[in-house]
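**Q** First the structure, then my questions, so here it is.
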There are 12 protein chains.
Amino acid sequence: MPNTVYKVVEIVGTSPDSISKAIDNAIAKASSSLRHLGWFEVIETRGTIENGKVGQYQVSLKVGFTLE
Amino acid sequence: MPNTVYKVVEIVGTSPDSISKAIDNAIAKASSSLRHLGWFEVIETRGTIENGKVGQYQVSLKVGFTLE
Amino acid sequence: MPNTVYKVVEIVGTSPDSISKAIDNAIAKASSSLRHLGWFEVIETRGTIENGKVGQYQVSLKVGFTLE
Amino acid sequence: MPNTVYKVVEIVGTSPDSISKAIDNAIAKASSSLRHLGWFEVIETRGTIENGKVGQYQVSLKVGFTLE
Amino acid sequence: MPNTVYKVVEIVGTSPDSISKAIDNAIAKASSSLRHLGWFEVIETRGTIENGKVGQYQVSLKVGFTLE
Amino acid sequence: MPNTVYKVVEIVGTSPDSISKAIDNAIAKASSSLRHLGWFEVIETRGTIENGKVGQYQVSLKVGFTLE
Amino acid sequence: MPNTVYKVVEIVGTSPDSISKAIDNAIAKASSSLRHLGWFEVIETRGTIENGKVGQYQVSLKVGFTLE
Amino acid sequence: MPNTVYKVVEIVGTSPDSISKAIDNAIAKASSSLRHLGWFEVIETRGTIENGKVGQYQVSLKVGFTLE
Amino acid sequence: MPNTVYKVVEIVGTSPDSISKAIDNAIAKASSSLRHLGWFEVIETRGTIENGKVGQYQVSLKVGFTLE
Amino acid sequence: MPNTVYKVVEIVGTSPDSISKAIDNAIAKASSSLRHLGWFEVIETRGTIENGKVGQYQVSLKVGFTLE
Amino acid sequence: MPNTVYKVVEIVGTSPDSISKAIDNAIAKASSSLRHLGWFEVIETRGTIENGKVGQYQVSLKVGFTLE
Amino acid sequence: MPNTVYKVVEIVGTSPDSISKAIDNAIAKASSSLRHLGWFEVIETRGTIENGKVGQYQVSLKVGFTLE
């Protein structure tokens, strides 16, 4: 195993539907510009409230990927 | 934009079904007595265990709203 | 009410499907070897990324049970 | 079990005598205006010093109660 | 000194001008509805960005006051 | 001094009387099944409220002991 | 509202004059290379001391912007 | 009110008897060498275990005093 | 560069005027008794409230200096 | 990949020689009684001081292993 | 001294040999693509376990560099 | 065992060679002016970067000693 070095970035995914969808959206977006994504960690779950309901989930993630 | 002041309160929503339902219940309840709810932040996710399964999800939220 | 003493252990449940499933798997496994499980608390939500999607959710829980 | 929603407030009890008395005073006061108090959590223990002794204990609590 | 009990609430003051103004606005607003305010603690400093400049400062405070 | 290795476990002691009694109960219980207990650290102090008074103190401890 | 994804980066602004100037400098610099900056959060305030006075304020910010 | 400056030091009081006695011992000792002690804050409560009981309480305090 | 060792002390500066003045006061005071002050870090910003306004800002700093 | 569940335990390794040796000792000891150890995380590094030198390093680890 | 602005990124270095080597590898890798690296801070030390020994150290660093 | 009171101070050791050397330097320096040093705890590990390598390790310690 070579001495891989990883970079970790913070992104925030959003979704009106669920926490899971917000995570999926964040990872899909990150995958479109970063290669070798390896793991994520949820660091904050927030959201907006509209008309007595959740308007939008906002989930902050740390995402790690291999530096080539 | 006027210099709005917000208040933040902590509530705990519960549900036997899911984390999302517990959040929904907390926000619905808060909406019945507070106006101008604007955002929430999940600060703790706990629950009871019954018969080897989750009995009840208990999700603590900070909820912010405009002070009139 | 006797002066019950509880023990708290940390376990990590995994699931390719959802955060909820990962929690369920952790609690089901813990229930197979520990009796009198009473409550849990989510302390970390992580996961792997594969092909631009969540590969596996990994949810760390503290689980409390009565010491007999 | 209905999907109860709880509110959590922060109060600070004081006493010249002991940490316990400060907690008791905080909970007694909260009980005089809030119904259905269910639990508390100590979040900070401070105090004043007078003449080389503790002058007053100041104990911050989070107190949870059922929202009706 | 009687065994005073305090309550602590969280408010967020805003201002386009400065952190200090945001704190002032929060305390002025709180003073209009709460009596016996005694102290505050800054717990978060955030803000919006507009056209490459700070648009609005948002300062979260804990504010303590005597419970009568 | 050999290179001792310690294990640390988390337990929660309870008592209707005081924080100290809750700690004592936790340590007495741990001592009945674990040998070579060496130290403890209080990590959380909570409790229930009944009729405007503390019903039960719940004190979480980390307890360290020598691995033989 | 589309499911916007944001990125969050950490920058440190400096100024010999004030905390506010240090924040302004950080945001102005970030704006010169990043578009769609939306919000910031102060995470640390430090500085150097020279001749018994503040030499330079160093303010660490998290800055969020829309990923296009 | 002049612009008083305070210094804060960390001390650890011990007692075989109780948390309160450990705090008292720490403050008494600090008072013998420091003047103008004003306040304290408990930052950690630990102890030793001997023969299945608390051997010694060790309570870490921050203690603040006026700089003359 | 020799292997310099630094000491870090905690002080609290106060001012009725602003956070900056409170920091200045703390550093000026520390400079009157300590040599080779090098850096500071803000660790807490609190204050008193009087007549619906900030009465006094209280800013806690860690201050580092070279040990000769 | 089955839905593996992991357990996480806290151990403290010691060594008079180095932080690394303390980690090695903790993991070697844990390996003698636990199978399928997978990962560790350093959570605290402490030690004793004797005659102006480090007497013993004490490194606290969380260690994760597969529950069979 | 101009009002320099710094950026801070998070990277994870790995090494089968030691914590120091993992730090060295992270900084060497970062240096190959970023100029003006100025400082680092260790934020997490983890690793894998293989055959009762450390398989690979994984050290997370924040690394700061001047924005030109 | 008398009711010993300890004081805890924060120092930062530096070394171009290793984290261990930085700790050694801090403790050696502290020992030259303080008696009865008993224990230390690492609270932060930082450093400078020069020419793509660690220039200097900077390790912050809390050091405890008996107050006579």
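Every chain in the structure tokens takes a letter, A first, then B, and so on in the order presented; its residues are numbered from 1, and the ligands are numbered from 1 following the presented order.
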When DSSP works through the backbone of this structure, what residues of range 10-67 of chain J end up as strand (DSSP E or B), shown as a PyMOL selection string?
**A** chain J and resi 10-15+37-50+53-66
**Q** With N, CA and C atoms retained, export the selected residues as a short mmCIF file (atom, residue, chain, number, x, y, z; two decimals), in the first residue's frame.
**A**
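Result written to part.cif:
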```cif
data_model
loop_
_atom_site.label_atom_id
_atom_site.label_comp_id
_atom_site.auth_asym_id
_atom_site.auth_seq_id
_atom_site.Cartn_x
_atom_site.Cartn_y
_atom_site.Cartn_z
N GLU J 10 -12.46 1.63 24.54
CA GLU J 10 -11.42 2.60 24.86
C GLU J 10 -10.35 1.93 25.72
N ILE J 11 -9.10 2.02 25.29
CA ILE J 11 -7.99 1.48 26.07
C ILE J 11 -6.89 2.54 26.18
N VAL J 12 -6.05 2.36 27.18
CA VAL J 12 -4.95 3.30 27.40
C VAL J 12 -3.65 2.50 27.43
N GLY J 13 -2.78 2.78 26.47
CA GLY J 13 -1.48 2.13 26.45
C GLY J 13 -0.44 3.00 27.12
N THR J 14 0.57 2.38 27.73
CA THR J 14 1.62 3.15 28.39
C THR J 14 3.00 2.68 27.93
N SER J 15 3.94 3.60 28.03
CA SER J 15 5.32 3.25 27.69
C SER J 15 6.24 4.34 28.24
N LEU J 37 -9.66 -6.86 15.14
CA LEU J 37 -9.42 -5.44 15.34
C LEU J 37 -9.23 -4.78 13.98
N GLY J 38 -9.88 -3.64 13.78
CA GLY J 38 -9.80 -3.02 12.48
C GLY J 38 -9.14 -1.65 12.44
N TRP J 39 -9.42 -0.80 13.45
CA TRP J 39 -8.87 0.55 13.40
C TRP J 39 -8.75 1.13 14.80
N PHE J 40 -8.02 2.22 14.90
CA PHE J 40 -7.89 2.93 16.18
C PHE J 40 -7.92 4.42 15.93
N GLU J 41 -8.18 5.16 16.99
CA GLU J 41 -8.16 6.62 16.94
C GLU J 41 -7.57 7.12 18.26
N VAL J 42 -6.58 7.97 18.20
CA VAL J 42 -5.99 8.53 19.41
C VAL J 42 -6.93 9.60 19.97
N ILE J 43 -7.33 9.45 21.24
CA ILE J 43 -8.24 10.47 21.78
C ILE J 43 -7.61 11.33 22.88
N GLU J 44 -6.49 10.92 23.42
CA GLU J 44 -5.84 11.72 24.45
C GLU J 44 -4.39 11.24 24.61
N THR J 45 -3.48 12.19 24.80
CA THR J 45 -2.08 11.85 25.05
C THR J 45 -1.66 12.55 26.33
N ARG J 46 -1.37 11.78 27.34
CA ARG J 46 -0.97 12.30 28.63
C ARG J 46 0.32 11.61 29.08
N GLY J 47 0.77 11.94 30.28
CA GLY J 47 1.91 11.22 30.80
C GLY J 47 2.30 11.71 32.17
N THR J 48 3.22 10.99 32.79
CA THR J 48 3.77 11.40 34.08
C THR J 48 5.12 12.08 33.86
N ILE J 49 5.51 12.91 34.83
CA ILE J 49 6.81 13.59 34.78
C ILE J 49 7.62 13.15 35.99
N GLU J 50 8.85 12.72 35.73
CA GLU J 50 9.73 12.30 36.82
C GLU J 50 11.12 12.89 36.60
N LYS J 53 11.74 14.84 33.43
CA LYS J 53 11.59 14.18 32.13
C LYS J 53 10.26 13.43 32.10
N VAL J 54 9.86 13.04 30.89
CA VAL J 54 8.67 12.20 30.80
C VAL J 54 8.96 10.87 31.48
N GLY J 55 8.10 10.50 32.43
CA GLY J 55 8.27 9.21 33.09
C GLY J 55 7.58 8.10 32.32
N GLN J 56 6.36 8.38 31.91
CA GLN J 56 5.57 7.37 31.22
C GLN J 56 4.55 8.07 30.32
N TYR J 57 4.51 7.67 29.06
CA TYR J 57 3.46 8.15 28.17
C TYR J 57 2.21 7.33 28.38
N GLN J 58 1.05 8.01 28.35
CA GLN J 58 -0.24 7.33 28.49
C GLN J 58 -1.13 7.80 27.35
N VAL J 59 -1.39 6.90 26.41
CA VAL J 59 -2.13 7.28 25.21
C VAL J 59 -3.47 6.55 25.18
N SER J 60 -4.55 7.33 25.19
CA SER J 60 -5.90 6.75 25.13
C SER J 60 -6.32 6.56 23.69
N LEU J 61 -6.82 5.36 23.40
CA LEU J 61 -7.25 5.03 22.04
C LEU J 61 -8.68 4.53 22.05
N LYS J 62 -9.41 4.84 21.02
CA LYS J 62 -10.61 4.08 20.70
C LYS J 62 -10.18 3.02 19.70
N VAL J 63 -10.60 1.79 19.94
CA VAL J 63 -10.23 0.69 19.05
C VAL J 63 -11.51 0.03 18.56
N GLY J 64 -11.64 -0.15 17.25
CA GLY J 64 -12.84 -0.74 16.67
C GLY J 64 -12.60 -2.15 16.16
N PHE J 65 -13.57 -3.03 16.37
CA PHE J 65 -13.43 -4.40 15.87
C PHE J 65 -14.80 -4.95 15.46
N THR J 66 -14.78 -5.93 14.58
CA THR J 66 -15.99 -6.53 14.06
C THR J 66 -16.68 -7.40 15.11
#
```
**Q** Please provide chain H as an mmCIF file with N, CA and C atoms, in the first residue's frame, once it has been superposed on chain J by least squares across all sequentially paired Cα atoms.
**A**
```cif
data_model
loop_
_atom_site.group_PDB
_atom_site.id
_atom_site.type_symbol
_atom_site.label_atom_id
_atom_site.label_comp_id
_atom_site.auth_asym_id
_atom_site.auth_seq_id
_atom_site.Cartn_x
_atom_site.Cartn_y
_atom_site.Cartn_z
ATOM 1 N N MET H 1 -20.980 -7.050 0.390
ATOM 2 C CA MET H 1 -20.529 -6.680 1.733
ATOM 3 C C MET H 1 -21.695 -6.803 2.707
ATOM 4 N N PRO H 2 -21.580 -7.716 3.685
ATOM 5 C CA PRO H 2 -22.677 -7.836 4.656
ATOM 6 C C PRO H 2 -22.717 -6.601 5.539
ATOM 7 N N ASN H 3 -23.838 -6.468 6.281
ATOM 8 C CA ASN H 3 -23.978 -5.282 7.120
ATOM 9 C C ASN H 3 -23.257 -5.460 8.445
ATOM 10 N N THR H 4 -21.950 -5.464 8.364
ATOM 11 C CA THR H 4 -21.099 -5.643 9.525
ATOM 12 C C THR H 4 -21.451 -4.647 10.628
ATOM 13 N N VAL H 5 -21.389 -5.121 11.885
ATOM 14 C CA VAL H 5 -21.519 -4.227 13.029
ATOM 15 C C VAL H 5 -20.203 -4.268 13.791
ATOM 16 N N TYR H 6 -19.726 -3.108 14.176
ATOM 17 C CA TYR H 6 -18.463 -2.997 14.898
ATOM 18 C C TYR H 6 -18.726 -2.570 16.340
ATOM 19 N N LYS H 7 -17.807 -2.945 17.223
ATOM 20 C CA LYS H 7 -17.823 -2.415 18.580
ATOM 21 C C LYS H 7 -16.576 -1.567 18.761
ATOM 22 N N VAL H 8 -16.681 -0.541 19.559
ATOM 23 C CA VAL H 8 -15.557 0.359 19.797
ATOM 24 C C VAL H 8 -15.283 0.379 21.294
ATOM 25 N N VAL H 9 -14.046 0.085 21.684
ATOM 26 C CA VAL H 9 -13.685 0.137 23.105
ATOM 27 C C VAL H 9 -12.552 1.130 23.303
ATOM 28 N N GLU H 10 -12.464 1.629 24.545
ATOM 29 C CA GLU H 10 -11.409 2.597 24.859
ATOM 30 C C GLU H 10 -10.344 1.927 25.710
ATOM 31 N N ILE H 11 -9.097 2.019 25.276
ATOM 32 C CA ILE H 11 -7.989 1.480 26.057
ATOM 33 C C ILE H 11 -6.888 2.527 26.171
ATOM 34 N N VAL H 12 -6.040 2.361 27.179
ATOM 35 C CA VAL H 12 -4.939 3.298 27.406
ATOM 36 C C VAL H 12 -3.648 2.506 27.421
ATOM 37 N N GLY H 13 -2.768 2.775 26.471
ATOM 38 C CA GLY H 13 -1.467 2.128 26.451
ATOM 39 C C GLY H 13 -0.425 3.004 27.114
ATOM 40 N N THR H 14 0.571 2.381 27.738
ATOM 41 C CA THR H 14 1.620 3.159 28.388
ATOM 42 C C THR H 14 2.991 2.683 27.927
ATOM 43 N N SER H 15 3.956 3.599 28.020
ATOM 44 C CA SER H 15 5.344 3.258 27.691
ATOM 45 C C SER H 15 6.253 4.344 28.244
ATOM 46 N N PRO H 16 7.409 3.969 28.760
ATOM 47 C CA PRO H 16 8.368 4.988 29.192
ATOM 48 C C PRO H 16 9.115 5.584 27.996
ATOM 49 N N ASP H 17 8.956 4.991 26.821
ATOM 50 C CA ASP H 17 9.829 5.343 25.697
ATOM 51 C C ASP H 17 9.259 6.376 24.733
ATOM 52 N N SER H 18 8.021 6.168 24.280
ATOM 53 C CA SER H 18 7.504 7.077 23.256
ATOM 54 C C SER H 18 5.995 6.914 23.119
ATOM 55 N N ILE H 19 5.384 7.867 22.443
ATOM 56 C CA ILE H 19 3.965 7.796 22.145
ATOM 57 C C ILE H 19 3.684 6.572 21.280
ATOM 58 N N SER H 20 4.542 6.323 20.305
ATOM 59 C CA SER H 20 4.344 5.185 19.400
ATOM 60 C C SER H 20 4.360 3.863 20.165
ATOM 61 N N LYS H 21 5.302 3.729 21.102
ATOM 62 C CA LYS H 21 5.385 2.489 21.877
ATOM 63 C C LYS H 21 4.128 2.306 22.734
ATOM 64 N N ALA H 22 3.607 3.409 23.248
ATOM 65 C CA ALA H 22 2.391 3.318 24.062
ATOM 66 C C ALA H 22 1.216 2.833 23.210
ATOM 67 N N ILE H 23 1.158 3.320 21.970
ATOM 68 C CA ILE H 23 0.102 2.871 21.052
ATOM 69 C C ILE H 23 0.300 1.390 20.738
ATOM 70 N N ASP H 24 1.548 1.013 20.429
ATOM 71 C CA ASP H 24 1.835 -0.394 20.118
ATOM 72 C C ASP H 24 1.436 -1.304 21.288
ATOM 73 N N ASN H 25 1.775 -0.897 22.488
ATOM 74 C CA ASN H 25 1.451 -1.725 23.658
ATOM 75 C C ASN H 25 -0.057 -1.890 23.836
ATOM 76 N N ALA H 26 -0.782 -0.819 23.615
ATOM 77 C CA ALA H 26 -2.241 -0.888 23.754
ATOM 78 C C ALA H 26 -2.839 -1.847 22.730
ATOM 79 N N ILE H 27 -2.365 -1.743 21.504
ATOM 80 C CA ILE H 27 -2.939 -2.572 20.445
ATOM 81 C C ILE H 27 -2.537 -4.036 20.600
ATOM 82 N N ALA H 28 -1.293 -4.272 21.028
ATOM 83 C CA ALA H 28 -0.853 -5.655 21.257
ATOM 84 C C ALA H 28 -1.705 -6.307 22.350
ATOM 85 N N LYS H 29 -1.938 -5.551 23.419
ATOM 86 C CA LYS H 29 -2.734 -6.081 24.528
ATOM 87 C C LYS H 29 -4.173 -6.347 24.084
ATOM 88 N N ALA H 30 -4.745 -5.422 23.372
ATOM 89 C CA ALA H 30 -6.120 -5.592 22.910
ATOM 90 C C ALA H 30 -6.223 -6.801 21.977
ATOM 91 N N SER H 31 -5.198 -7.014 21.169
ATOM 92 C CA SER H 31 -5.214 -8.118 20.212
ATOM 93 C C SER H 31 -5.167 -9.477 20.895
ATOM 94 N N SER H 32 -4.665 -9.496 22.129
ATOM 95 C CA SER H 32 -4.557 -10.780 22.815
ATOM 96 C C SER H 32 -5.915 -11.288 23.291
ATOM 97 N N SER H 33 -6.911 -10.400 23.384
ATOM 98 C CA SER H 33 -8.226 -10.865 23.840
ATOM 99 C C SER H 33 -9.362 -10.564 22.858
ATOM 100 N N LEU H 34 -9.127 -9.690 21.891
ATOM 101 C CA LEU H 34 -10.178 -9.344 20.930
ATOM 102 C C LEU H 34 -9.736 -9.747 19.526
ATOM 103 N N ARG H 35 -10.656 -10.303 18.752
ATOM 104 C CA ARG H 35 -10.328 -10.648 17.377
ATOM 105 C C ARG H 35 -10.874 -9.604 16.413
ATOM 106 N N HIS H 36 -10.351 -9.576 15.236
ATOM 107 C CA HIS H 36 -10.882 -8.725 14.171
ATOM 108 C C HIS H 36 -10.753 -7.239 14.466
ATOM 109 N N LEU H 37 -9.658 -6.865 15.145
ATOM 110 C CA LEU H 37 -9.420 -5.428 15.345
ATOM 111 C C LEU H 37 -9.238 -4.775 13.980
ATOM 112 N N GLY H 38 -9.871 -3.620 13.798
ATOM 113 C CA GLY H 38 -9.812 -3.011 12.478
ATOM 114 C C GLY H 38 -9.152 -1.637 12.438
ATOM 115 N N TRP H 39 -9.428 -0.803 13.447
ATOM 116 C CA TRP H 39 -8.864 0.560 13.393
ATOM 117 C C TRP H 39 -8.750 1.128 14.801
ATOM 118 N N PHE H 40 -8.013 2.215 14.907
ATOM 119 C CA PHE H 40 -7.889 2.920 16.187
ATOM 120 C C PHE H 40 -7.922 4.422 15.929
ATOM 121 N N GLU H 41 -8.188 5.145 17.006
ATOM 122 C CA GLU H 41 -8.155 6.608 16.950
ATOM 123 C C GLU H 41 -7.579 7.104 18.278
ATOM 124 N N VAL H 42 -6.579 7.965 18.195
ATOM 125 C CA VAL H 42 -5.991 8.534 19.413
ATOM 126 C C VAL H 42 -6.939 9.588 19.962
ATOM 127 N N ILE H 43 -7.333 9.442 21.237
ATOM 128 C CA ILE H 43 -8.240 10.459 21.774
ATOM 129 C C ILE H 43 -7.621 11.325 22.875
ATOM 130 N N GLU H 44 -6.488 10.912 23.422
ATOM 131 C CA GLU H 44 -5.837 11.716 24.462
ATOM 132 C C GLU H 44 -4.401 11.246 24.622
ATOM 133 N N THR H 45 -3.484 12.186 24.784
ATOM 134 C CA THR H 45 -2.089 11.846 25.049
ATOM 135 C C THR H 45 -1.665 12.556 26.330
ATOM 136 N N ARG H 46 -1.373 11.771 27.349
ATOM 137 C CA ARG H 46 -0.978 12.304 28.636
ATOM 138 C C ARG H 46 0.308 11.626 29.091
ATOM 139 N N GLY H 47 0.779 11.931 30.281
ATOM 140 C CA GLY H 47 1.925 11.215 30.807
ATOM 141 C C GLY H 47 2.311 11.714 32.177
ATOM 142 N N THR H 48 3.232 10.984 32.799
ATOM 143 C CA THR H 48 3.775 11.409 34.090
ATOM 144 C C THR H 48 5.122 12.084 33.853
ATOM 145 N N ILE H 49 5.510 12.902 34.829
ATOM 146 C CA ILE H 49 6.808 13.585 34.776
ATOM 147 C C ILE H 49 7.628 13.145 35.990
ATOM 148 N N GLU H 50 8.843 12.723 35.731
ATOM 149 C CA GLU H 50 9.737 12.299 36.826
ATOM 150 C C GLU H 50 11.125 12.881 36.608
ATOM 151 N N ASN H 51 11.629 13.591 37.580
ATOM 152 C CA ASN H 51 12.977 14.169 37.491
ATOM 153 C C ASN H 51 13.154 15.030 36.248
ATOM 154 N N GLY H 52 12.145 15.818 35.937
ATOM 155 C CA GLY H 52 12.267 16.763 34.821
ATOM 156 C C GLY H 52 12.186 16.118 33.451
ATOM 157 N N LYS H 53 11.758 14.855 33.422
ATOM 158 C CA LYS H 53 11.603 14.180 32.130
ATOM 159 C C LYS H 53 10.265 13.430 32.100
ATOM 160 N N VAL H 54 9.862 13.037 30.894
ATOM 161 C CA VAL H 54 8.672 12.201 30.789
ATOM 162 C C VAL H 54 8.960 10.866 31.475
ATOM 163 N N GLY H 55 8.102 10.506 32.427
ATOM 164 C CA GLY H 55 8.271 9.210 33.088
ATOM 165 C C GLY H 55 7.573 8.100 32.297
ATOM 166 N N GLN H 56 6.355 8.387 31.911
ATOM 167 C CA GLN H 56 5.556 7.384 31.213
ATOM 168 C C GLN H 56 4.543 8.078 30.309
ATOM 169 N N TYR H 57 4.507 7.669 29.069
ATOM 170 C CA TYR H 57 3.464 8.165 28.172
ATOM 171 C C TYR H 57 2.207 7.338 28.384
ATOM 172 N N GLN H 58 1.055 8.009 28.344
ATOM 173 C CA GLN H 58 -0.242 7.337 28.495
ATOM 174 C C GLN H 58 -1.138 7.795 27.346
ATOM 175 N N VAL H 59 -1.388 6.906 26.406
ATOM 176 C CA VAL H 59 -2.131 7.292 25.211
ATOM 177 C C VAL H 59 -3.472 6.553 25.178
ATOM 178 N N SER H 60 -4.552 7.327 25.190
ATOM 179 C CA SER H 60 -5.901 6.742 25.137
ATOM 180 C C SER H 60 -6.323 6.546 23.690
ATOM 181 N N LEU H 61 -6.806 5.362 23.390
ATOM 182 C CA LEU H 61 -7.238 5.018 22.042
ATOM 183 C C LEU H 61 -8.680 4.526 22.061
ATOM 184 N N LYS H 62 -9.413 4.830 21.014
ATOM 185 C CA LYS H 62 -10.618 4.075 20.700
ATOM 186 C C LYS H 62 -10.203 3.011 19.695
ATOM 187 N N VAL H 63 -10.599 1.778 19.932
ATOM 188 C CA VAL H 63 -10.234 0.679 19.043
ATOM 189 C C VAL H 63 -11.515 0.009 18.555
ATOM 190 N N GLY H 64 -11.637 -0.157 17.249
ATOM 191 C CA GLY H 64 -12.838 -0.752 16.669
ATOM 192 C C GLY H 64 -12.600 -2.161 16.159
ATOM 193 N N PHE H 65 -13.588 -3.033 16.362
ATOM 194 C CA PHE H 65 -13.446 -4.408 15.863
ATOM 195 C C PHE H 65 -14.810 -4.958 15.450
ATOM 196 N N THR H 66 -14.776 -5.937 14.579
ATOM 197 C CA THR H 66 -15.996 -6.533 14.053
ATOM 198 C C THR H 66 -16.691 -7.403 15.101
ATOM 199 N N LEU H 67 -17.988 -7.225 15.245
ATOM 200 C CA LEU H 67 -18.782 -8.097 16.113
ATOM 201 C C LEU H 67 -19.208 -9.306 15.292
ATOM 202 N N GLU H 68 -18.854 -10.476 15.760
ATOM 203 C CA GLU H 68 -19.210 -11.678 14.985
ATOM 204 C C GLU H 68 -20.620 -12.146 15.303
#
```
**Q** Could you find all residues in chain H that DSSP calls helix (DSSP H, G or I) from the backbone, and write them as a list in words?
**A**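 Those residues are Ile19, Ser20, Lys21, Ala22, Ile23, Asp24, Asn25, Ala26, Ile27, Ala28, Lys29, Ala30, Ser31, Ser32 and Ser33 of chain H.
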**Q** Just the selected residues (C-alpha atoms), exported as a PDB file, in the first residue's frame, please.
**A**
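File produced: part-v6.pdb:
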```pdb
ATOM      1  CA  ILE H  19     -16.666  17.090  45.486  1.00  0.00           C
ATOM      2  CA  SER H  20     -17.556  20.122  47.610  1.00  0.00           C
ATOM      3  CA  LYS H  21     -14.610  19.557  49.952  1.00  0.00           C
ATOM      4  CA  ALA H  22     -12.275  19.266  46.971  1.00  0.00           C
ATOM      5  CA  ILE H  23     -13.540  22.619  45.684  1.00  0.00           C
ATOM      6  CA  ASP H  24     -13.179  24.174  49.147  1.00  0.00           C
ATOM      7  CA  ASN H  25      -9.611  22.899  49.455  1.00  0.00           C
ATOM      8  CA  ALA H  26      -8.642  24.288  46.068  1.00  0.00           C
ATOM      9  CA  ILE H  27     -10.064  27.708  46.812  1.00  0.00           C
ATOM     10  CA  ALA H  28      -8.579  27.870  50.317  1.00  0.00           C
ATOM     11  CA  LYS H  29      -5.151  27.030  48.915  1.00  0.00           C
ATOM     12  CA  ALA H  30      -5.433  29.540  46.098  1.00  0.00           C
ATOM     13  CA  SER H  31      -6.523  32.219  48.571  1.00  0.00           C
ATOM     14  CA  SER H  32      -3.359  31.755  50.587  1.00  0.00           C
ATOM     15  CA  SER H  33      -1.198  33.072  47.738  1.00  0.00           C
TER      16      SER H  33
END
```
